[in-house]
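Asker: The structure is given below, and queries will be raised subsequently.
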Amino acid sequence: MAPTGSVSVALCTHNGERFVGAQLDSIFAQTVVPVELVVSDDASTDSTLDIVVERHAAHSAAGGSVALRILRNTQPLGVTGNFERAILACSSELIALSDQDDVWRSDRLERSLESFERGADVLLVHSDARLVDAAGTVVHPSLLDALEVSTEARRAIVSGDAFALLLHRNLMTGATMCIRRSLAQTAAPFPPGWVHDEWLAIIASAVGRIDLVQQPLIDYRQHGGNEIGAADLSLRVKLGRLVEPGADRNRRLLQRARSLAERLPLIAGVAPSRVEAAARKVLHEEARSALPASRLRRIGPVMREWRTGRYSAFGGGLNDVARDLIQPLKPAS
């Protein structure tokens, strides 16, 4: 028997005429059909919304019952602002996030609902995905593998220990997420510097549990025009990060850490240990943001910060130590 529960889909679009039709077809073909499709369009100048209306009309003419609501942003909100608007406009208890250029497996919603039935404290469910190119050809069978999400990290996620992992880096991709509406209400407003999926994930891990469907439930399309895509963690890119200017990145990480540390104490149910961990994360990012431009003068501050244990607790350990010792902190002139 299929799981029960009403589901809304929050679909964000921006000049997506090339792929949005295929995504809509996969949404309407779900084994558990959503009750509502909320499309928030970020000032598209192509035929994206015409395609949305046409595909929905065809779905309705064939006996479909998905309600359609279109939100039109005359001025672009950006990815995070657009998703925040779409999510908060959804009326169902459960909300599935959708990019405009992917294709869902027919049981994506069904499998996600099964995870939510494991407990009311499950606030967010995400899954693996296949990486595909513009033509839909599989280029990598596992997004989680491409992002180097270890077996240990996956176990920690499903056992309720995702918060510590997410203080290091985000491991969850919005295109694979379903969330409870209560999470969206707790997380709003989404602070500057955070991408919507990162913020929803860390707030979910702070106040409840996250579940992971380890099988790919979507084809996550990478085509060069994505507003946000899968990170390339090849050796070439990793080495490149060591020599790219880091001052702006350090300031951004500090801003994000401060936003989290300020918000958590205001949310009911967050354990004091997690509030304390967020405050320690701020100290770590403050130390990194204060590093001098001179590589020689960085050695002492970096070693002192290493001895606190915070590089391992809140960053990439020795990889970030190397990054902070080598990376230029001013853009090349």
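Residue numbers start at 1 in each chain; chains themselves are named A, B, ... in the order of the structure tokens; ligands are numbered from 1 in the order shown.
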Determine, for each residue of range 83-192 of chain A having at least one atom at most 12 Å from an atom of range 259-269 of chain A, the closest pair of atoms and their separation in Å to one decimal, counting only C-alpha atoms; order by chain and ascending number, as JSON lines.
Answerer:
```
{"residue": "A:Asp121", "atom": "CA", "partner": "A:Gly269", "partner_atom": "CA", "distance": 11.2}
{"residue": "A:Phe163", "atom": "CA", "partner": "A:Leu260", "partner_atom": "CA", "distance": 11.9}
{"residue": "A:Leu166", "atom": "CA", "partner": "A:Leu260", "partner_atom": "CA", "distance": 11.6}
{"residue": "A:Leu167", "atom": "CA", "partner": "A:Leu260", "partner_atom": "CA", "distance": 9.9}
{"residue": "A:Leu183", "atom": "CA", "partner": "A:Ile267", "partner_atom": "CA", "distance": 11.1}
{"residue": "A:Gln185", "atom": "CA", "partner": "A:Ile267", "partner_atom": "CA", "distance": 11.0}
{"residue": "A:Thr186", "atom": "CA", "partner": "A:Ile267", "partner_atom": "CA", "distance": 7.4}
{"residue": "A:Ala187", "atom": "CA", "partner": "A:Arg263", "partner_atom": "CA", "distance": 9.0}
{"residue": "A:Ala188", "atom": "CA", "partner": "A:Arg263", "partner_atom": "CA", "distance": 10.4}
{"residue": "A:Pro189", "atom": "CA", "partner": "A:Arg263", "partner_atom": "CA", "distance": 10.3}
{"residue": "A:Phe190", "atom": "CA", "partner": "A:Ser259", "partner_atom": "CA", "distance": 9.6}
{"residue": "A:Pro191", "atom": "CA", "partner": "A:Ser259", "partner_atom": "CA", "distance": 6.7}
{"residue": "A:Pro192", "atom": "CA", "partner": "A:Ser259", "partner_atom": "CA", "distance": 8.2}
```
Asker: Any chance you could export the current selection's C-alpha atoms as a PDB file, in the first residue's frame?
Answerer:
```pdb
ATOM      1  CA  ASP A 121      10.672  14.254  14.080  1.00  0.00           C
ATOM      2  CA  PHE A 163      24.201  18.392  12.602  1.00  0.00           C
ATOM      3  CA  LEU A 166      26.703  19.876   8.318  1.00  0.00           C
ATOM      4  CA  LEU A 167      28.869  22.188  10.400  1.00  0.00           C
ATOM      5  CA  LEU A 183      10.525  23.039   8.938  1.00  0.00           C
ATOM      6  CA  GLN A 185       8.159  27.873   8.890  1.00  0.00           C
ATOM      7  CA  THR A 186      10.943  27.406  11.444  1.00  0.00           C
ATOM      8  CA  ALA A 187      13.719  28.128   8.953  1.00  0.00           C
ATOM      9  CA  ALA A 188      12.179  31.267   7.433  1.00  0.00           C
ATOM     10  CA  PRO A 189      13.425  33.817   6.712  1.00  0.00           C
ATOM     11  CA  PHE A 190      16.440  32.258   5.000  1.00  0.00           C
ATOM     12  CA  PRO A 191      19.496  34.369   5.925  1.00  0.00           C
ATOM     13  CA  PRO A 192      21.872  35.976   3.412  1.00  0.00           C
TER      14      PRO A 192
END
```
Asker: Leaving out range 66-74 of chain A and any residue of its chain fewer than 6 positions from it, which residues lie within 6 Å of it when counting only C-alpha atoms, given as a list in words?
Answerer: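 Here the answer would be Val35, Glu36, Leu37, Val38, Val39, Ser40, Asp41, Asp42 and Ala43 of chain A.
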Asker: Which residues are near Leu131 in chain A? Cut-off 9 Å, only C-alpha atoms, ignore same chain within fewer than 6 positions. Put them as a compact mmCIF listing (two decimals) with N, CA and C atoms, in the first residue's frame.
Answerer:
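And here is the file that came out, part_21.txt:
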```txt
# COMPACT_ATOMS: atom_id res chain seq x y z
N THR A 137 21.82 11.41 -20.73
CA THR A 137 22.75 10.30 -20.62
C THR A 137 23.43 10.33 -19.25
N VAL A 138 23.49 9.18 -18.59
CA VAL A 138 24.08 9.12 -17.26
C VAL A 138 25.58 9.35 -17.36
N VAL A 139 26.07 10.33 -16.60
CA VAL A 139 27.51 10.61 -16.56
C VAL A 139 28.12 10.17 -15.23
N HIS A 140 27.28 9.96 -14.22
CA HIS A 140 27.75 9.40 -12.95
C HIS A 140 26.54 8.77 -12.27
N PRO A 141 26.65 7.53 -11.80
CA PRO A 141 25.47 6.85 -11.25
C PRO A 141 25.06 7.31 -9.87
N SER A 142 25.91 8.10 -9.19
CA SER A 142 25.60 8.47 -7.81
C SER A 142 26.09 9.87 -7.50
N LEU A 143 25.16 10.77 -7.21
CA LEU A 143 25.52 12.12 -6.77
C LEU A 143 26.28 12.07 -5.44
N ALA A 146 29.76 11.19 -6.07
CA ALA A 146 30.46 12.30 -6.73
C ALA A 146 30.83 13.37 -5.72
N ILE A 218 16.11 10.75 -8.53
CA ILE A 218 15.97 11.69 -9.64
C ILE A 218 17.18 11.58 -10.56
N ASP A 219 16.99 12.04 -11.79
CA ASP A 219 18.10 12.30 -12.70
C ASP A 219 18.40 13.79 -12.59
N TYR A 220 19.58 14.10 -12.05
CA TYR A 220 20.00 15.47 -11.75
C TYR A 220 20.81 15.97 -12.93
N ARG A 221 20.20 16.85 -13.70
CA ARG A 221 20.77 17.22 -14.99
C ARG A 221 21.85 18.30 -14.84
N GLN A 222 23.01 18.04 -15.43
CA GLN A 222 24.11 18.99 -15.46
C GLN A 222 24.35 19.39 -16.92
N ALA A 230 25.97 20.24 -9.33
CA ALA A 230 26.79 19.40 -8.46
C ALA A 230 28.23 19.89 -8.46
```
Asker: Work out how far apart CA of Asp324 in chain A and CA of Arg295 in chain A are and give it in Å to one decimal.
Answerer: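 Going from CA of Asp324 in chain A over to CA of Arg295 in chain A, I get 8.5 Å.
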Asker: Going by DSSP on the backbone, which residues of range 19-235 of chain A come out as alpha helix (DSSP H)? List them as a PDB file with C-alpha atoms, in the first residue's frame.
Answerer:
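states21.pdb was written with the following content:
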```
ATOM      1  CA  VAL A  20      10.885  22.078 -17.844  1.00  0.00           C
ATOM      2  CA  GLY A  21       8.416  20.021 -19.895  1.00  0.00           C
ATOM      3  CA  ALA A  22      10.180  16.757 -19.129  1.00  0.00           C
ATOM      4  CA  GLN A  23      10.327  17.632 -15.451  1.00  0.00           C
ATOM      5  CA  LEU A  24       6.606  18.383 -15.352  1.00  0.00           C
ATOM      6  CA  ASP A  25       5.800  15.108 -17.076  1.00  0.00           C
ATOM      7  CA  SER A  26       7.750  13.217 -14.404  1.00  0.00           C
ATOM      8  CA  ILE A  27       5.955  15.093 -11.614  1.00  0.00           C
ATOM      9  CA  PHE A  28       2.523  14.333 -13.036  1.00  0.00           C
ATOM     10  CA  THR A  48       8.818  28.591 -19.583  1.00  0.00           C
ATOM     11  CA  LEU A  49       5.456  29.553 -18.107  1.00  0.00           C
ATOM     12  CA  ASP A  50       3.607  28.833 -21.351  1.00  0.00           C
ATOM     13  CA  ILE A  51       4.988  25.303 -21.196  1.00  0.00           C
ATOM     14  CA  VAL A  52       3.958  24.982 -17.537  1.00  0.00           C
ATOM     15  CA  VAL A  53       0.400  26.015 -18.359  1.00  0.00           C
ATOM     16  CA  GLU A  54       0.210  23.755 -21.420  1.00  0.00           C
ATOM     17  CA  ARG A  55       1.549  20.654 -19.629  1.00  0.00           C
ATOM     18  CA  HIS A  56      -0.751  21.221 -16.675  1.00  0.00           C
ATOM     19  CA  ALA A  57      -3.736  21.629 -19.008  1.00  0.00           C
ATOM     20  CA  ALA A  58      -2.861  18.340 -20.713  1.00  0.00           C
ATOM     21  CA  HIS A  59      -2.546  16.654 -17.320  1.00  0.00           C
ATOM     22  CA  SER A  60      -5.949  17.981 -16.254  1.00  0.00           C
ATOM     23  CA  ALA A  61      -7.564  16.978 -19.557  1.00  0.00           C
ATOM     24  CA  GLY A  78      17.761  34.611  -7.031  1.00  0.00           C
ATOM     25  CA  VAL A  79      17.762  30.883  -6.355  1.00  0.00           C
ATOM     26  CA  THR A  80      17.402  31.019  -2.572  1.00  0.00           C
ATOM     27  CA  GLY A  81      14.803  33.785  -2.514  1.00  0.00           C
ATOM     28  CA  ASN A  82      12.812  32.098  -5.250  1.00  0.00           C
ATOM     29  CA  PHE A  83      12.751  28.779  -3.404  1.00  0.00           C
ATOM     30  CA  GLU A  84      11.818  30.464  -0.153  1.00  0.00           C
ATOM     31  CA  ARG A  85       8.844  32.089  -1.848  1.00  0.00           C
ATOM     32  CA  ALA A  86       7.733  28.856  -3.518  1.00  0.00           C
ATOM     33  CA  ILE A  87       8.097  26.765  -0.365  1.00  0.00           C
ATOM     34  CA  LEU A  88       6.198  29.185   1.867  1.00  0.00           C
ATOM     35  CA  ALA A  89       3.367  29.350  -0.669  1.00  0.00           C
ATOM     36  CA  ARG A 108      10.247   9.636  -5.829  1.00  0.00           C
ATOM     37  CA  LEU A 109       7.360  10.986  -3.739  1.00  0.00           C
ATOM     38  CA  GLU A 110       6.265   7.535  -2.610  1.00  0.00           C
ATOM     39  CA  ARG A 111       9.711   6.654  -1.290  1.00  0.00           C
ATOM     40  CA  SER A 112      10.041  10.010   0.447  1.00  0.00           C
ATOM     41  CA  LEU A 113       6.682   9.657   2.182  1.00  0.00           C
ATOM     42  CA  GLU A 114       7.743   6.273   3.494  1.00  0.00           C
ATOM     43  CA  SER A 115      10.648   7.961   5.265  1.00  0.00           C
ATOM     44  CA  PHE A 116       8.403  10.590   6.836  1.00  0.00           C
ATOM     45  CA  LEU A 143      25.521  12.119  -6.766  1.00  0.00           C
ATOM     46  CA  LEU A 144      26.499  11.137  -3.213  1.00  0.00           C
ATOM     47  CA  ASP A 145      29.562   9.322  -4.512  1.00  0.00           C
ATOM     48  CA  ALA A 146      30.458  12.295  -6.727  1.00  0.00           C
ATOM     49  CA  THR A 151      29.591   5.523   4.227  1.00  0.00           C
ATOM     50  CA  GLU A 152      30.222   6.803   7.749  1.00  0.00           C
ATOM     51  CA  ALA A 153      28.578  10.125   6.919  1.00  0.00           C
ATOM     52  CA  ARG A 154      25.539   8.369   5.477  1.00  0.00           C
ATOM     53  CA  ARG A 155      25.210   6.291   8.649  1.00  0.00           C
ATOM     54  CA  ALA A 156      25.452   9.426  10.775  1.00  0.00           C
ATOM     55  CA  ILE A 157      22.695  11.108   8.759  1.00  0.00           C
ATOM     56  CA  VAL A 158      20.203   8.298   9.195  1.00  0.00           C
ATOM     57  CA  ALA A 162      23.696  15.084  10.765  1.00  0.00           C
ATOM     58  CA  PHE A 163      24.201  18.392  12.602  1.00  0.00           C
ATOM     59  CA  ALA A 164      27.914  17.835  13.286  1.00  0.00           C
ATOM     60  CA  LEU A 165      28.457  16.802   9.661  1.00  0.00           C
ATOM     61  CA  LEU A 166      26.703  19.876   8.318  1.00  0.00           C
ATOM     62  CA  LEU A 167      28.869  22.188  10.400  1.00  0.00           C
ATOM     63  CA  HIS A 168      31.686  20.939   8.146  1.00  0.00           C
ATOM     64  CA  ARG A 181       6.011  22.471   6.156  1.00  0.00           C
ATOM     65  CA  SER A 182       6.813  23.042   9.818  1.00  0.00           C
ATOM     66  CA  LEU A 183      10.525  23.039   8.938  1.00  0.00           C
ATOM     67  CA  ALA A 184      10.005  25.769   6.353  1.00  0.00           C
ATOM     68  CA  GLN A 185       8.159  27.873   8.890  1.00  0.00           C
ATOM     69  CA  THR A 186      10.943  27.406  11.444  1.00  0.00           C
ATOM     70  CA  ALA A 187      13.719  28.128   8.953  1.00  0.00           C
ATOM     71  CA  HIS A 196      18.151  27.308   0.572  1.00  0.00           C
ATOM     72  CA  ASP A 197      19.051  23.619   0.733  1.00  0.00           C
ATOM     73  CA  GLU A 198      22.016  24.176   3.052  1.00  0.00           C
ATOM     74  CA  TRP A 199      19.914  26.247   5.448  1.00  0.00           C
ATOM     75  CA  LEU A 200      16.949  23.865   5.481  1.00  0.00           C
ATOM     76  CA  ALA A 201      19.274  20.923   6.093  1.00  0.00           C
ATOM     77  CA  ILE A 202      21.161  22.404   9.020  1.00  0.00           C
ATOM     78  CA  ILE A 203      17.994  23.705  10.704  1.00  0.00           C
ATOM     79  CA  ALA A 204      16.339  20.300  10.231  1.00  0.00           C
ATOM     80  CA  SER A 205      19.357  18.603  11.788  1.00  0.00           C
ATOM     81  CA  ALA A 206      19.320  21.033  14.717  1.00  0.00           C
ATOM     82  CA  VAL A 207      15.667  20.560  15.705  1.00  0.00           C
ATOM     83  CA  LEU A 235      41.787  16.422  -8.099  1.00  0.00           C
TER      84      LEU A 235
END
```
Asker: Restricting the calculation to only C-alpha atoms: of A:Arg297, A:His223, A:Lys330, A:Arg256, which residue gets closest to Gly16 in chain A?
Answerer: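 That would be A:His223, the residue with the smallest distance to Gly16 in chain A.
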